[in-house]
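Participant: mmCIF, C-alpha atoms, saved as upload20.cif, coming up:
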```cif
data_my_file
loop_
_atom_site.label_atom_id
_atom_site.label_comp_id
_atom_site.auth_asym_id
_atom_site.auth_seq_id
_atom_site.Cartn_x
_atom_site.Cartn_y
_atom_site.Cartn_z
CA MET A 43 71.83 186.05 108.65
CA ALA A 44 68.80 185.31 106.55
CA ASP A 45 67.71 181.74 106.32
CA THR A 46 68.69 179.97 103.10
CA PRO A 47 65.52 179.13 101.23
CA ASP A 48 64.70 175.49 100.98
CA THR A 49 65.58 173.89 97.65
CA PRO A 50 64.37 170.60 96.28
CA ASP A 51 66.64 167.68 97.06
CA SER A 52 68.94 166.73 94.20
CA PRO A 53 68.09 163.36 92.71
CA ALA A 54 70.13 160.58 94.28
CA ARG A 55 72.82 159.15 92.10
CA PRO A 56 72.49 155.44 91.48
CA PRO A 57 75.28 153.40 93.07
CA SER A 58 78.08 152.78 90.65
CA ARG A 59 78.37 149.19 89.60
CA ARG A 60 81.39 147.70 87.99
CA PRO A 61 80.45 145.13 85.35
CA LEU A 62 80.80 141.57 86.53
CA SER A 63 83.65 139.57 85.14
CA PRO A 64 82.41 136.95 82.65
CA TYR A 65 84.17 134.44 84.90
CA HIS A 66 82.73 135.62 88.23
CA ASP A 67 80.76 132.39 88.55
CA ALA A 68 83.75 130.07 88.12
CA PRO A 69 83.09 127.03 90.32
CA LYS A 70 84.59 127.09 93.81
CA LEU A 71 84.98 124.40 96.40
CA PRO A 72 82.90 124.47 99.60
CA THR A 73 84.26 126.35 102.59
CA GLU A 74 83.58 123.41 104.90
CA PRO A 75 85.50 120.08 104.91
CA ILE A 76 85.45 118.43 101.48
CA THR A 77 85.11 114.75 100.63
CA ILE A 78 86.66 114.01 97.24
CA GLY A 79 83.98 111.47 96.37
CA ASP A 80 81.34 114.19 96.67
CA ILE A 81 83.18 116.36 94.12
CA VAL A 82 84.32 113.87 91.48
CA LYS A 83 81.90 110.98 91.26
CA GLY A 84 82.60 107.32 90.77
CA ASP A 85 84.98 104.79 92.22
CA GLY A 86 87.98 105.18 89.91
CA PRO A 87 91.42 106.39 91.01
CA VAL A 88 91.89 110.13 91.55
CA MET A 89 94.39 112.48 89.90
CA LEU A 90 94.86 115.77 91.75
CA GLU A 91 96.27 118.52 89.54
CA ILE A 92 97.43 121.74 91.17
CA GLY A 93 97.56 124.70 88.79
CA PRO A 94 96.29 123.23 85.51
CA GLY A 95 96.47 126.61 83.75
CA ARG A 96 94.99 126.29 80.28
CA GLY A 97 94.16 122.66 80.99
CA ARG A 98 95.88 120.62 78.32
CA PHE A 99 97.21 118.01 80.76
CA ALA A 100 93.85 117.49 82.49
CA LEU A 101 91.99 117.08 79.19
CA GLU A 102 94.56 114.71 77.70
CA PHE A 103 94.73 112.70 80.91
CA CYS A 104 90.94 112.33 81.03
CA ALA A 105 90.86 111.22 77.41
CA ALA A 106 93.71 108.72 77.83
CA ARG A 107 92.47 107.27 81.14
CA PRO A 108 88.67 107.12 81.13
CA ASP A 109 88.66 105.07 84.34
CA TRP A 110 90.28 107.91 86.35
CA ARG A 111 88.72 110.87 88.10
CA VAL A 112 90.40 114.29 87.95
CA LEU A 113 90.24 117.10 90.50
CA ALA A 114 91.99 120.26 89.28
CA ILE A 115 92.55 123.37 91.40
CA GLU A 116 93.43 126.59 89.57
CA ILE A 117 93.68 129.98 91.28
CA ARG A 118 92.86 131.99 88.13
CA ARG A 119 89.12 132.29 87.60
CA LYS A 120 89.28 132.56 83.81
CA SER A 121 91.43 129.46 83.39
CA SER A 122 89.39 127.40 85.85
CA HIS A 123 86.09 128.49 84.30
CA ILE A 124 87.27 127.56 80.79
CA LEU A 125 88.73 124.20 81.81
CA ASP A 126 85.67 123.18 83.81
CA ALA A 127 83.46 124.10 80.84
CA ARG A 128 85.62 122.03 78.51
CA MET A 129 85.37 119.04 80.81
CA ARG A 130 81.62 119.46 80.91
CA ALA A 131 81.38 119.79 77.12
CA ARG A 132 83.18 116.46 76.73
CA GLY A 133 80.71 114.76 79.05
CA TRP A 134 83.16 114.34 81.92
CA SER A 135 81.52 116.61 84.49
CA GLU A 136 80.77 113.74 86.87
CA ARG A 137 84.36 112.48 87.06
CA ALA A 138 86.40 115.59 86.22
CA ARG A 139 86.14 119.11 87.66
CA CYS A 140 88.23 122.27 87.92
CA PHE A 141 87.70 124.77 90.74
CA ALA A 142 88.81 128.39 91.11
CA ASP A 143 90.62 128.14 94.43
CA ASP A 144 94.01 128.58 96.03
CA ALA A 145 95.38 125.07 96.56
CA ARG A 146 97.31 126.23 99.62
CA GLU A 147 94.02 127.13 101.30
CA VAL A 148 91.78 124.27 100.18
CA LEU A 149 94.07 121.23 100.46
CA PRO A 150 93.81 121.16 104.27
CA ARG A 151 90.01 120.88 103.89
CA ILE A 152 90.12 117.97 101.44
CA GLY A 153 89.79 114.37 102.59
CA PRO A 154 89.79 111.63 103.44
CA ASP A 155 93.45 110.90 103.96
CA GLY A 156 94.93 108.62 101.30
CA SER A 157 92.14 109.33 98.81
CA VAL A 158 94.40 110.64 96.01
CA ASP A 159 96.17 108.14 93.75
CA ALA A 160 98.42 110.61 91.92
CA ALA A 161 99.18 114.32 91.93
CA ALA A 162 100.74 116.62 89.34
CA ILE A 163 102.19 120.12 89.65
CA HIS A 164 103.32 121.58 86.34
CA PHE A 165 105.69 124.56 86.05
CA PRO A 166 104.54 126.40 89.20
CA ASP A 167 105.75 129.62 90.79
CA PRO A 168 106.52 131.92 87.82
CA TRP A 169 107.69 134.78 90.05
CA TRP A 170 111.22 136.00 90.50
CA LYS A 171 111.25 138.76 93.12
CA ALA A 172 111.56 138.21 96.86
CA ARG A 173 108.33 140.09 97.55
CA HIS A 174 106.47 137.42 95.58
CA ASN A 175 107.64 134.56 97.79
CA LYS A 176 104.31 134.66 99.60
CA ARG A 177 102.68 133.49 96.36
CA LEU A 178 104.79 130.36 95.95
CA VAL A 179 102.86 127.10 95.69
CA VAL A 180 105.53 124.44 96.25
CA THR A 181 106.52 125.23 99.82
CA ASP A 182 107.32 123.28 102.96
CA ALA A 183 103.62 123.56 103.89
CA LEU A 184 102.42 121.86 100.69
CA VAL A 185 104.46 118.67 101.02
CA PRO A 186 102.82 117.33 104.24
CA GLU A 187 99.37 117.98 102.77
CA LEU A 188 100.25 115.85 99.75
CA ALA A 189 101.77 113.24 102.06
CA ARG A 190 98.43 113.09 103.86
CA LEU A 191 96.28 112.92 100.74
CA VAL A 192 98.29 110.62 98.46
CA ARG A 193 97.84 106.92 99.17
CA PRO A 194 100.82 104.63 99.79
CA GLY A 195 102.34 103.79 96.41
CA GLY A 196 100.83 106.86 94.77
CA LEU A 197 102.98 109.19 92.64
CA VAL A 198 103.61 112.92 92.74
CA LEU A 199 104.99 114.63 89.62
CA VAL A 200 106.58 118.08 89.90
CA GLN A 201 108.15 119.61 86.81
CA THR A 202 109.67 122.94 85.86
CA ASP A 203 111.96 124.47 83.26
CA VAL A 204 113.71 126.71 85.81
CA PRO A 205 116.86 125.10 87.31
CA HIS A 206 116.82 126.95 90.63
CA ARG A 207 113.16 126.10 91.16
CA ALA A 208 113.94 122.42 90.60
CA GLU A 209 116.83 122.66 93.06
CA ALA A 210 114.42 124.05 95.67
CA TYR A 211 111.58 121.60 95.03
CA TYR A 212 113.55 118.38 95.04
CA PRO A 213 114.77 118.33 98.66
CA ARG A 214 111.36 119.36 99.98
CA PHE A 215 109.96 116.04 98.78
CA ALA A 216 113.05 113.84 98.81
CA GLU A 217 113.86 114.68 102.43
CA HIS A 218 110.30 114.23 103.66
CA PRO A 219 109.90 110.86 105.43
CA ALA A 220 106.69 110.04 103.54
CA PHE A 221 108.23 110.23 100.04
CA GLU A 222 110.97 108.52 98.08
CA SER A 223 112.44 109.88 94.85
CA LEU A 224 112.19 107.79 91.68
CA GLY A 225 114.88 109.88 89.95
CA ASN A 226 118.41 110.96 90.66
CA PRO A 227 117.14 113.62 90.95
CA TYR A 228 115.23 113.87 87.65
CA VAL A 229 113.44 111.40 85.37
CA ASP A 230 113.47 111.34 81.58
CA ASP A 231 109.73 111.54 81.02
CA SER A 232 106.44 111.99 82.81
CA PRO A 233 104.83 108.85 84.22
CA PHE A 234 101.53 110.27 82.97
CA ALA A 235 102.54 110.65 79.32
CA PRO A 236 101.13 111.10 76.73
CA ALA A 237 99.26 113.75 78.72
CA ARG A 238 101.28 116.99 78.66
CA SER A 239 100.81 120.40 80.19
CA ASN A 240 100.75 123.37 77.82
CA ARG A 241 104.15 124.59 78.95
CA GLU A 242 105.67 121.11 78.81
CA ALA A 243 104.52 120.62 75.21
CA ILE A 244 106.06 123.95 74.19
CA ALA A 245 109.35 123.14 75.92
CA ILE A 246 109.56 119.79 74.13
CA VAL A 247 108.96 121.38 70.72
CA ASP A 248 111.51 124.13 71.43
CA GLY A 249 114.09 121.67 72.75
CA LEU A 250 114.19 123.28 76.19
CA PRO A 251 115.18 121.27 79.28
CA VAL A 252 112.39 120.10 81.56
CA TYR A 253 113.30 119.10 85.11
CA ARG A 254 110.88 116.31 86.02
CA MET A 255 110.78 115.01 89.58
CA VAL A 256 108.72 111.97 90.53
CA PHE A 257 108.14 110.89 94.12
CA ARG A 258 106.37 107.83 95.45
CA ARG A 259 104.37 107.84 98.66
CA LYS A 260 105.95 105.28 100.98
#
```
So, in terms of structure tokens, how does the structure I just supplied come out?
Facilitator:
Amino acid sequence: MADTPDTPDSPARPPSRRPLSPYHDAPKLPTEPITIGDIVKGDGPVMLEIGPGRGRFALEFCAARPDWRVLAIEIRRKSSHILDARMRARGWSERARCFADDAREVLPRIGPDGSVDAAAIHFPDPWWKARHNKRLVVTDALVPELARLVRPGGLVLVQTDVPHRAEAYYPRFAEHPAFESLGNPYVDDSPFAPARSNREAIAIVDGLPVYRMVFRRK
């Protein structure tokens, strides 16, 4: 068989590059152990918000309580990027931050123990199918981490508008030896009012029930 004549090499195709998300640089927490005082500066009390979403609660809380520091953890990059930018635009970047992280992964790295004065979890776990259970936030693993981080006398607020979620959340905290319930099982209003989450504000306007659970660290 005759040799195939040499042909010039075809020009190499440039590697395909997907455009970066405009939120690819959303702030993230360090991968090593984290000291809260290195993240939110100052000596004021600390509010830990898990899943701030669009950020209404965090912004209203910061405005109403200028002596507090706020650490918010939001898994969605877009939401965390926008909230952190809004905090920065209001001049709160030293005492208030939002990070694009999974709270279930980062809480074990946060310390020191007893360094959080209050925690809030608003309307978590909007998934209905069994295959999504792995995405749930309020689980048996979360409660001991909050028990470790929240100081004695500190409060934890968990609220939802889904009855069966409330029925699952309440015993996780109420039956943990580190917490005592301040409701039976629910309370009439948030201890952090007038700050409201986006979903909470909508539910109030629409007249929908909100199941608010408040627990105190013993």
Participant: Check the smallest atom-to-atom distance from each of A:Asp109, A:Glu136, A:Asp248, A:Asp144 to Ile81 of chain A using only C-alpha atoms, then report the winner.
Facilitator: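 Using only C-alpha atoms, Ile81 of chain A sits closest to A:Glu136.
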Participant: Please compute the atom CA of Ser157 of chain A-atom CA of Arg137 of chain A distance, one decimal, in Å.
Facilitator: 14.4 Å
Participant: From the set A:Glu91, A:Glu242, A:Asp126, A:Glu217, which residue has the shortest atom-to-atom contact distance to Pro69 of chain A, counting all atoms listed in the file?
Facilitator: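 Counting all atoms listed in the file, the residue closest to Pro69 of chain A is A:Asp126.
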Participant: Closest to Val148 of chain A among A:Arg241, A:Lys70, A:Arg254, A:Arg214, using all atoms listed in the file?
Facilitator: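 Ranked by minimum distance to Val148 of chain A, first place goes to A:Lys70.
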Participant: Name the residues that the PyMOL selection byres ((chain A and resi 181-189) around 7) picks from the file above, as a list in words, using the file's chain letters and numbers.
Facilitator: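 On the file shown, the PyMOL selection byres ((chain A and resi 181-189) around 7) covers Arg146, Leu149, Pro150, Leu178, Val179, Val180, Arg190, Leu191, Val192, Arg214, Phe215, Ala220 and Arg259 of chain A.
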Participant: Taking only C-alpha atoms into account, which of A:Val247, A:Asp203, A:Tyr211, A:Gly93 comes nearest Glu116 of chain A?
Facilitator: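 For Glu116 of chain A, the nearest of the given residues is A:Gly93.
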Participant: Looking at only C-alpha atoms, which of A:Ala237, A:Ala68, A:Leu113, A:Ala160 is the one that sits closest to Arg139 of chain A?
Facilitator: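 Ranking A:Ala237, A:Ala68, A:Leu113, A:Ala160 by distance to Arg139 of chain A, first place goes to A:Leu113.
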